[in-house]
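Undergrad: Contents of upload-v6.cif (mmCIF, C-alpha atoms):
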```
data_my_file
#
loop_
_atom_site.label_atom_id
_atom_site.label_comp_id
_atom_site.auth_asym_id
_atom_site.auth_seq_id
_atom_site.Cartn_x
_atom_site.Cartn_y
_atom_site.Cartn_z
CA MET K 815 -32.99 -53.97 64.46
CA GLU K 816 -33.64 -50.51 63.10
CA LEU K 817 -36.87 -48.63 62.68
CA ALA K 818 -37.21 -45.70 60.34
CA THR K 819 -39.36 -42.83 61.47
CA TRP K 820 -40.72 -40.25 59.09
CA PRO K 821 -41.95 -36.79 59.84
CA ARG K 822 -45.51 -37.68 59.02
CA SER K 823 -47.60 -35.34 56.92
CA THR K 824 -44.66 -33.07 56.36
CA PHE K 825 -45.68 -32.62 52.77
CA SER K 826 -49.40 -32.77 53.11
CA VAL K 827 -49.17 -29.02 53.05
CA PHE K 828 -47.05 -29.11 49.90
CA ASP K 829 -50.18 -28.18 48.09
CA GLU K 830 -50.72 -26.43 44.90
CA LEU K 831 -52.45 -23.11 44.72
CA GLU K 832 -55.68 -24.26 43.18
CA SER K 833 -56.76 -20.93 41.83
CA LEU K 834 -54.14 -21.06 39.11
CA HIS K 835 -55.41 -24.33 37.84
CA GLU K 836 -58.63 -23.40 36.26
CA GLY K 837 -58.88 -23.35 32.53
CA LEU K 838 -55.22 -23.71 31.86
CA SER K 839 -55.03 -27.01 30.10
CA ARG K 840 -52.54 -26.84 27.27
CA MET K 841 -54.12 -29.61 25.32
CA PHE K 842 -56.87 -29.27 22.78
CA SER K 843 -58.16 -32.74 23.39
CA GLU K 844 -60.31 -33.86 26.29
CA PRO K 845 -58.82 -32.69 29.59
CA ASP K 846 -58.73 -36.18 31.08
CA LEU K 847 -56.69 -37.60 28.24
CA SER K 848 -53.34 -38.87 29.39
CA ARG K 849 -50.32 -37.31 27.79
CA VAL K 850 -48.97 -40.75 27.12
CA SER K 851 -51.70 -41.80 24.79
CA ASP K 852 -52.27 -42.53 21.15
CA SER K 853 -51.34 -38.96 20.42
CA PHE K 854 -48.07 -38.91 22.36
CA PRO K 855 -45.88 -37.10 21.64
CA HIS K 856 -47.83 -34.01 20.62
CA LEU K 857 -46.74 -32.62 17.27
CA ASN K 858 -46.72 -29.34 15.41
CA VAL K 859 -46.31 -29.70 11.67
CA TRP K 860 -45.22 -27.22 8.98
CA LEU K 861 -45.40 -27.83 5.23
CA SER K 862 -43.78 -26.22 2.20
CA SER K 863 -42.95 -27.24 -1.34
CA ASP K 864 -39.61 -28.49 0.06
CA GLY K 865 -41.18 -30.87 2.55
CA LEU K 866 -42.31 -31.11 6.17
CA ILE K 867 -40.92 -29.88 9.47
CA ILE K 868 -42.30 -31.70 12.49
CA ASP K 869 -41.77 -30.64 16.11
CA ALA K 870 -42.44 -33.30 18.75
CA GLU K 871 -42.65 -32.32 22.42
CA LEU K 872 -40.43 -34.84 24.18
CA PRO K 873 -39.06 -33.19 27.32
CA GLY K 874 -36.50 -35.17 29.28
CA VAL K 875 -35.85 -37.94 26.80
CA ASP K 876 -32.43 -39.26 26.06
CA PRO K 877 -32.03 -38.84 22.27
CA LYS K 878 -30.56 -42.36 22.26
CA ASP K 879 -33.95 -43.64 23.45
CA VAL K 880 -35.81 -42.24 20.43
CA ASP K 881 -35.98 -44.02 17.10
CA VAL K 882 -37.20 -42.27 13.96
CA SER K 883 -37.73 -44.31 10.80
CA LEU K 884 -38.99 -43.37 7.40
CA VAL K 885 -40.48 -46.02 5.13
CA GLY K 886 -42.01 -44.80 1.88
CA ASP K 887 -44.56 -42.16 2.90
CA GLU K 888 -44.77 -43.28 6.55
CA LEU K 889 -42.83 -41.78 9.41
CA ILE K 890 -42.58 -43.80 12.62
CA LEU K 891 -41.50 -42.26 15.91
CA ARG K 892 -40.74 -44.67 18.76
CA GLY K 893 -39.08 -44.40 22.11
CA LYS K 894 -39.39 -44.27 25.86
CA VAL K 895 -39.74 -41.42 28.34
CA ASN K 896 -39.04 -41.04 32.05
CA VAL K 897 -38.51 -44.71 32.69
CA GLN K 898 -35.67 -43.92 35.10
CA GLU K 899 -37.80 -42.06 37.65
CA PRO K 900 -38.00 -42.14 40.60
CA ARG K 901 -34.44 -42.69 41.74
CA SER K 902 -33.75 -45.30 44.37
CA GLY K 903 -34.67 -44.11 47.84
CA GLU K 904 -37.37 -41.84 46.46
CA THR K 905 -41.11 -42.17 46.33
CA PHE K 906 -43.54 -40.22 44.20
CA TYR K 907 -45.51 -37.64 46.07
CA GLN K 908 -47.17 -36.45 42.88
CA ARG K 909 -46.92 -37.89 39.39
CA GLU K 910 -48.18 -36.25 36.21
CA ARG K 911 -45.38 -36.52 33.69
CA PRO K 912 -45.78 -39.27 31.11
CA SER K 913 -43.73 -42.40 31.50
CA GLY K 914 -43.34 -45.49 29.38
CA GLU K 915 -42.92 -46.45 25.77
CA PHE K 916 -44.53 -44.66 22.88
CA SER K 917 -44.99 -45.25 19.18
CA ARG K 918 -46.58 -42.95 16.67
CA THR K 919 -46.99 -43.37 12.93
CA LEU K 920 -47.58 -40.45 10.60
CA GLN K 921 -48.78 -40.67 7.05
CA LEU K 922 -46.81 -38.13 5.04
CA PRO K 923 -48.59 -36.28 2.22
CA PHE K 924 -45.72 -37.17 -0.14
CA ARG K 925 -42.90 -39.63 -0.67
CA ALA K 926 -39.89 -38.51 1.30
CA GLU K 927 -36.23 -38.28 0.35
CA ALA K 928 -35.29 -40.51 3.28
CA GLY K 929 -31.54 -40.03 2.94
CA MET K 930 -31.91 -36.27 3.34
CA ALA K 931 -34.15 -36.31 6.46
CA LYS K 932 -32.71 -34.69 9.57
CA ALA K 933 -33.48 -34.81 13.29
CA SER K 934 -32.33 -32.44 16.03
CA TYR K 935 -33.20 -32.21 19.72
CA LYS K 936 -33.20 -28.94 21.63
CA ASN K 937 -34.80 -27.89 24.92
CA GLY K 938 -37.02 -30.96 24.97
CA VAL K 939 -38.34 -30.55 21.43
CA LEU K 940 -37.42 -33.01 18.69
CA ARG K 941 -37.43 -31.38 15.23
CA LEU K 942 -37.65 -33.58 12.16
CA THR K 943 -36.98 -32.16 8.70
CA VAL K 944 -38.39 -34.43 6.01
CA PRO K 945 -37.74 -33.33 2.41
CA ARG K 946 -39.96 -34.34 -0.50
CA SER K 947 -38.43 -36.66 -3.01
CA GLU K 948 -37.18 -34.78 -6.07
CA GLN K 949 -39.83 -36.40 -8.32
CA GLU K 950 -42.64 -35.03 -6.15
CA LYS K 951 -41.49 -31.44 -5.94
CA PRO K 952 -43.79 -29.07 -7.77
CA ARG K 953 -42.34 -27.85 -11.04
CA LYS K 954 -43.09 -24.83 -13.12
CA ILE K 955 -43.92 -25.60 -16.68
CA ALA K 956 -42.97 -22.95 -19.15
CA ILE K 957 -45.70 -22.01 -21.56
CA GLU K 958 -44.49 -21.60 -25.07
CA ALA K 959 -45.86 -18.65 -26.92
CA SER K 960 -47.01 -19.43 -30.38
CA MET F 975 -58.27 -29.21 38.54
CA GLN F 976 -56.45 -30.89 35.73
CA THR F 977 -56.13 -34.59 36.28
CA VAL F 978 -53.54 -36.50 34.37
CA GLN F 979 -53.43 -40.25 34.51
CA THR F 980 -50.09 -41.78 33.83
CA PRO F 981 -49.79 -45.46 33.01
CA PRO F 982 -47.22 -47.44 34.97
CA ALA F 983 -43.67 -47.45 33.66
CA GLY F 984 -43.15 -49.82 30.79
CA THR F 985 -46.73 -49.59 29.55
CA GLN F 986 -46.86 -49.96 25.80
CA VAL F 987 -48.72 -47.04 24.33
CA THR F 988 -49.14 -47.30 20.61
CA SER F 989 -51.20 -45.92 17.81
CA PRO F 990 -51.32 -48.81 15.39
CA LYS F 991 -53.00 -47.05 12.48
CA PRO F 992 -51.38 -44.29 10.45
CA GLU F 993 -52.97 -40.99 11.35
CA PRO F 994 -54.89 -38.95 8.80
CA ALA F 995 -53.96 -35.37 8.08
CA LEU F 996 -53.65 -33.37 11.27
CA LYS F 997 -56.30 -30.88 12.18
CA LYS F 998 -55.24 -27.29 11.97
CA ILE F 999 -56.00 -25.14 14.96
CA LEU F 1000 -55.13 -21.50 15.44
CA SER F 1001 -52.41 -20.63 17.88
CA PRO F 1002 -53.32 -18.33 20.73
CA SER F 1003 -50.54 -17.70 23.17
CA GLY F 1004 -51.30 -18.16 26.85
CA ILE F 1005 -50.13 -19.34 30.22
CA PHE F 1006 -49.88 -23.07 30.61
CA LEU F 1007 -49.45 -25.50 33.47
CA PRO F 1008 -46.44 -27.76 33.16
CA ASP F 1009 -46.85 -31.42 34.12
CA VAL F 1010 -45.04 -31.97 37.41
CA ASP F 1011 -43.64 -34.95 39.29
CA ILE F 1012 -42.62 -34.57 42.91
CA CYS F 1013 -40.25 -37.18 44.34
CA GLU F 1014 -39.48 -37.36 48.02
CA SER F 1015 -36.54 -38.99 49.75
CA SER F 1016 -35.40 -38.93 53.37
CA ASP F 1017 -33.44 -35.71 53.00
CA GLN F 1018 -34.91 -33.81 50.06
CA ILE F 1019 -37.72 -33.24 47.60
CA ARG F 1020 -37.16 -33.14 43.86
CA LEU F 1021 -39.69 -31.37 41.68
CA LEU F 1022 -39.56 -32.16 37.96
CA ALA F 1023 -41.54 -30.00 35.54
CA ASP F 1024 -41.92 -30.64 31.82
CA MET F 1025 -41.38 -27.29 30.14
CA PRO F 1026 -40.35 -28.00 26.54
CA GLY F 1027 -39.02 -24.92 24.76
CA VAL F 1028 -37.63 -23.37 27.97
CA ASP F 1029 -33.89 -23.23 28.57
CA GLN F 1030 -31.56 -22.42 31.46
CA ASN F 1031 -31.59 -18.72 30.58
CA SER F 1032 -35.34 -18.23 30.25
CA VAL F 1033 -36.54 -20.32 33.19
CA GLU F 1034 -37.91 -18.45 36.21
CA VAL F 1035 -37.81 -19.97 39.70
CA THR F 1036 -38.69 -17.86 42.73
CA VAL F 1037 -39.42 -18.54 46.39
CA GLU F 1038 -41.33 -16.03 48.45
CA ASN F 1039 -43.28 -16.51 51.67
CA ASN F 1040 -43.03 -20.30 51.33
CA VAL F 1041 -44.44 -20.22 47.81
CA LEU F 1042 -42.36 -21.68 45.00
CA THR F 1043 -43.18 -20.27 41.58
CA ILE F 1044 -41.82 -21.92 38.46
CA GLY F 1045 -42.28 -20.74 34.92
CA GLY F 1046 -40.80 -19.12 31.88
CA PRO F 1047 -41.46 -18.46 28.22
CA ALA F 1048 -41.17 -21.31 25.74
CA TYR F 1049 -39.37 -20.55 22.54
CA VAL F 1050 -40.36 -21.97 19.18
CA ASP F 1051 -38.37 -21.52 16.01
CA CYS F 1052 -41.06 -21.16 13.29
CA PRO F 1053 -39.47 -22.18 10.00
CA ALA F 1054 -39.50 -19.44 7.36
CA GLY F 1055 -41.32 -20.24 4.13
CA TYR F 1056 -43.38 -23.00 5.73
CA ASP F 1057 -47.11 -23.03 6.61
CA LEU F 1058 -48.35 -24.49 9.89
CA VAL F 1059 -50.59 -27.36 8.79
CA GLY F 1060 -51.05 -29.26 12.04
CA GLN F 1061 -50.99 -28.09 15.63
CA GLU F 1062 -51.46 -30.32 18.65
CA TYR F 1063 -49.86 -28.10 21.26
CA ARG F 1064 -49.66 -24.41 21.89
CA VAL F 1065 -46.60 -22.46 22.87
CA GLY F 1066 -46.58 -19.66 25.41
CA ARG F 1067 -45.51 -19.16 29.01
CA TYR F 1068 -45.48 -21.79 31.71
CA ARG F 1069 -46.42 -20.95 35.25
CA ARG F 1070 -47.30 -22.98 38.32
CA GLU F 1071 -47.09 -22.34 42.05
CA PHE F 1072 -46.63 -24.58 45.05
CA SER F 1073 -46.90 -23.75 48.71
CA PHE F 1074 -44.27 -25.08 51.04
CA PRO F 1075 -44.25 -26.57 54.48
CA ASP F 1076 -41.86 -25.02 56.98
CA ALA F 1077 -39.96 -28.29 56.92
CA VAL F 1078 -37.95 -27.36 53.85
CA ASP F 1079 -34.86 -25.23 53.68
CA THR F 1080 -35.76 -22.56 51.13
CA GLY F 1081 -32.29 -21.03 51.37
CA ARG F 1082 -30.67 -24.07 49.78
CA ILE F 1083 -33.02 -24.70 46.85
CA LYS F 1084 -31.26 -25.55 43.60
CA ALA F 1085 -32.70 -25.52 40.08
CA ARG F 1086 -31.49 -26.53 36.66
CA VAL F 1087 -33.00 -27.13 33.23
CA ARG F 1088 -32.01 -30.00 31.00
CA HIS F 1089 -33.74 -31.16 27.81
CA GLY F 1090 -36.79 -29.00 28.57
CA VAL F 1091 -37.25 -30.36 32.11
CA LEU F 1092 -36.86 -28.11 35.13
CA GLU F 1093 -35.49 -29.93 38.17
CA VAL F 1094 -35.82 -28.16 41.52
CA THR F 1095 -34.07 -29.77 44.48
CA ILE F 1096 -35.43 -28.72 47.85
CA PRO F 1097 -33.55 -29.94 50.93
CA LYS F 1098 -35.48 -30.78 54.06
CA ARG F 1099 -34.50 -29.00 57.23
CA GLU F 1100 -32.09 -30.96 59.37
CA GLU F 1101 -34.60 -31.50 62.18
CA MET F 1102 -37.23 -32.78 59.74
CA LYS F 1103 -35.13 -35.45 58.07
CA SER F 1104 -36.12 -39.01 58.77
CA ARG F 1105 -34.09 -40.63 61.50
CA LYS F 1106 -33.28 -44.18 62.21
CA ILE F 1107 -33.93 -45.17 65.78
CA ARG F 1108 -31.92 -47.95 67.16
CA ILE F 1109 -33.95 -50.46 69.11
CA GLU F 1110 -32.08 -52.07 71.93
CA THR F 1111 -32.48 -55.74 72.29
#
```
Would you give me this structure, written as structure tokens?

TA:
Amino acid sequence: MELATWPRSTFSVFDELESLHEGLSRMFSEPDLSRVSDSFPHLNVWLSSDGLIIDAELPGVDPKDVDVSLVGDELILRGKVNVQEPRSGETFYQRERPSGEFSRTLQLPFRAEAGMAKASYKNGVLRLTVPRSEQEKPRKIAIEAS
Amino acid sequence: MQTVQTPPAGTQVTSPKPEPALKKILSPSGIFLPDVDICESSDQIRLLADMPGVDQNSVEVTVENNVLTIGGPAYVDCPAGYDLVGQEYRVGRYRREFSFPDAVDTGRIKARVRHGVLEVTIPKREEMKSRKIRIET
């Protein structure tokens, strides 16, 4: 029979320097709101006459685990984050990063040209480029002089 | 202190209704706390910090007097010719500090960044690793 002994309270002193904590929440919403919530992932959105560019903060995801679909004027972002942690033999000492499945639906302000939409993933940020359909692009109308 | 509640793995988190137009908020830069997980095993500690927008070249990891400091500037590529119409997160610098016990070997700390997540591996000192004790029968 074997008995495992642990150096007890080794990491009880692995404490954060509290002074840095105050007033540094990145989120605009209530500070107690989980980051895996109705508004996960957080988005930044840019608009032009060409269409939308959407950045989604998704650090650590496997791009294979994210599904983006475009139906009419709705964009649906689904996936899972951090479901592989912790590794076997590990226990969480502290856990703040979101984990689980997410789904978010965005109503676009126009009908999209779905075949031309693009997605790229860099440094934990997913960027979606969603062009307007040709029919919805603003057009200049020439005024005929009489 | 910022408290973040994380649902257990596999929890379905959905927003069933389409969201209305996003609220526009101005973008001040600032210093932000990354969300951090700390995993412990018998021979090491792994610290995982969500720092989207930071890459291997811009990340900053230092150890001094048993204090680990992680951080770095996040980069955002603002598309030319587009207007920001919805902002749910700000972009600036990350920074967070942790104090260490003497039980870790600061000389053998390793760090890497992948997909916007900083992973710092901190080995425990040999004498502090968990041991199995054989019980004689």

Undergrad: What does the distance between CA of Ile1083 in chain F and CA of Gly1066 in chain F come to in Å, to one decimal place?

TA: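 It comes out at 25.9 Å.
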
Undergrad: Have a look at F:Ser1073, F:Thr1080, F:Ser1015, F:Thr1095 and name the one nearest to Thr1043 in chain F; count only C-alpha atoms.

TA: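 Looking at the shortest contact to Thr1043 in chain F, the residue is F:Ser1073.
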
Undergrad: Just the number, please: distance in Å from CA of Ile1096 in chain F to CA of Arg1070 in chain F, one decimal.

TA: 16.3 Å

Undergrad: One number please: CA of Pro1047 in chain F to CA of Gly1090 in chain F, in Å, one decimal.

TA: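 Atom-to-atom, CA of Pro1047 in chain F to CA of Gly1090 in chain F, that is 11.5 Å.
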
Undergrad: Using only C-alpha atoms, pick whichever of K:Asp879, K:Leu884, K:Asp864, K:Ser960 has the shortest atom-to-atom distance to Gln898 in chain K.

TA: K:Asp879

Undergrad: Take the PyMOL selection byres ((chain F and resi 1092) around 6), run it mentally on this structure, and tell me the resulting residues as a PDB file with C-alpha atoms, in the coordinates of the input.

TA:
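This went into part06.pdb:
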```pdb
ATOM      1  CA  LEU F1022     -39.560 -32.160  37.960  1.00  0.00           C
ATOM      2  CA  ALA F1023     -41.540 -30.000  35.540  1.00  0.00           C
ATOM      3  CA  ARG F1086     -31.490 -26.530  36.660  1.00  0.00           C
ATOM      4  CA  VAL F1087     -33.000 -27.130  33.230  1.00  0.00           C
ATOM      5  CA  VAL F1091     -37.250 -30.360  32.110  1.00  0.00           C
ATOM      6  CA  GLU F1093     -35.490 -29.930  38.170  1.00  0.00           C
TER       7      GLU F1093
END
```

Undergrad: Would you pick out the contacts of Gly1055 in chain F at 10 Å or less, using only C-alpha atoms, so that residues sharing its chain but fewer than 6 positions from it are not included, and give the list as a list in words?

TA: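 That gives Trp860, Leu861, Ser862, Ser863 and Asp864 of chain K.
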
Undergrad: Rank K:Ser934, K:Thr943, K:Gln949, K:Thr919 by their smallest atom-to-atom distance to chain F, using all atoms listed in the file, and report the top residue only.

TA: K:Thr919

Undergrad: Which one of K:Val880, K:Val897, K:Ala933, K:Ala926 sits closest to chain F if you count all atoms listed in the file?

TA: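 Smallest separation from chain F among the options: K:Val897.
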
Undergrad: With distances taken over all atoms listed in the file, which residue among K:Leu940, K:Asn896, K:Tyr907, K:Glu927 lies nearest Val882 in chain K?

TA: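 For Val882 in chain K, the nearest of the candidates is K:Leu940.
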
Undergrad: Evaluating the PyMOL selection byres ((chain F and resi 1088) around 12) on the displayed file yields which residues, as a PyMOL selection string?

TA: (chain K and resi 872-876+935-939) or (chain F and resi 1022-1031+1033+1085-1087+1089-1094)

Undergrad: May I have the protein, DNA and RNA residues with an atom at most 12 Å from (-43.3, -28.9, -5.8), counting only C-alpha atoms in the file's coordinates, returned as number ranges by chain?

TA: K: 861-865, 924-925, 945-955

Undergrad: The selected residues should be written to file as a PDB file, in the coordinates of the input (atoms: C-alpha atoms).

TA:
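Writing the result to out07.pdb gives the following:
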```pdb
ATOM      1  CA  LEU K 861     -45.400 -27.830   5.230  1.00  0.00           C
ATOM      2  CA  SER K 862     -43.780 -26.220   2.200  1.00  0.00           C
ATOM      3  CA  SER K 863     -42.950 -27.240  -1.340  1.00  0.00           C
ATOM      4  CA  ASP K 864     -39.610 -28.490   0.060  1.00  0.00           C
ATOM      5  CA  GLY K 865     -41.180 -30.870   2.550  1.00  0.00           C
ATOM      6  CA  PHE K 924     -45.720 -37.170  -0.140  1.00  0.00           C
ATOM      7  CA  ARG K 925     -42.900 -39.630  -0.670  1.00  0.00           C
ATOM      8  CA  PRO K 945     -37.740 -33.330   2.410  1.00  0.00           C
ATOM      9  CA  ARG K 946     -39.960 -34.340  -0.500  1.00  0.00           C
ATOM     10  CA  SER K 947     -38.430 -36.660  -3.010  1.00  0.00           C
ATOM     11  CA  GLU K 948     -37.180 -34.780  -6.070  1.00  0.00           C
ATOM     12  CA  GLN K 949     -39.830 -36.400  -8.320  1.00  0.00           C
ATOM     13  CA  GLU K 950     -42.640 -35.030  -6.150  1.00  0.00           C
ATOM     14  CA  LYS K 951     -41.490 -31.440  -5.940  1.00  0.00           C
ATOM     15  CA  PRO K 952     -43.790 -29.070  -7.770  1.00  0.00           C
ATOM     16  CA  ARG K 953     -42.340 -27.850 -11.040  1.00  0.00           C
ATOM     17  CA  LYS K 954     -43.090 -24.830 -13.120  1.00  0.00           C
ATOM     18  CA  ILE K 955     -43.920 -25.600 -16.680  1.00  0.00           C
TER      19      ILE K 955
END
```

Undergrad: Kindly indicate which residue among F:Val1078, F:Ile1109, F:Tyr1068, F:Lys1084 lies nearest to chain K, using all atoms listed in the file for the distances.

TA: F:Ile1109

Undergrad: When the PyMOL selection byres ((chain F and resi 1058) around 8) is applied to the file above, which residues end up in the set, as a ChimeraX atom specification?

TA: /K:858-861 /F:998,1056-1057,1059-1061

Undergrad: May I have the centre and edge lengths, in Å to one decimal, of an axis-aligned box around the listed atoms of range 1079-1090 of chain F with 3 Å added to every side, as lines of an AutoDock Vina configuration file?

TA:
```
center_x = -33.7
center_y = -26.1
center_z = 40.7
size_x = 12.1
size_y = 16.1
size_z = 31.9
```

Undergrad: Mind listing whatever residues come within 7 Å of the point (-45.1, -34.4, 11.0)? Use all atoms listed in the file, file coordinates, and give them as number ranges by chain.

TA: K: 857-859, 866-868, 920
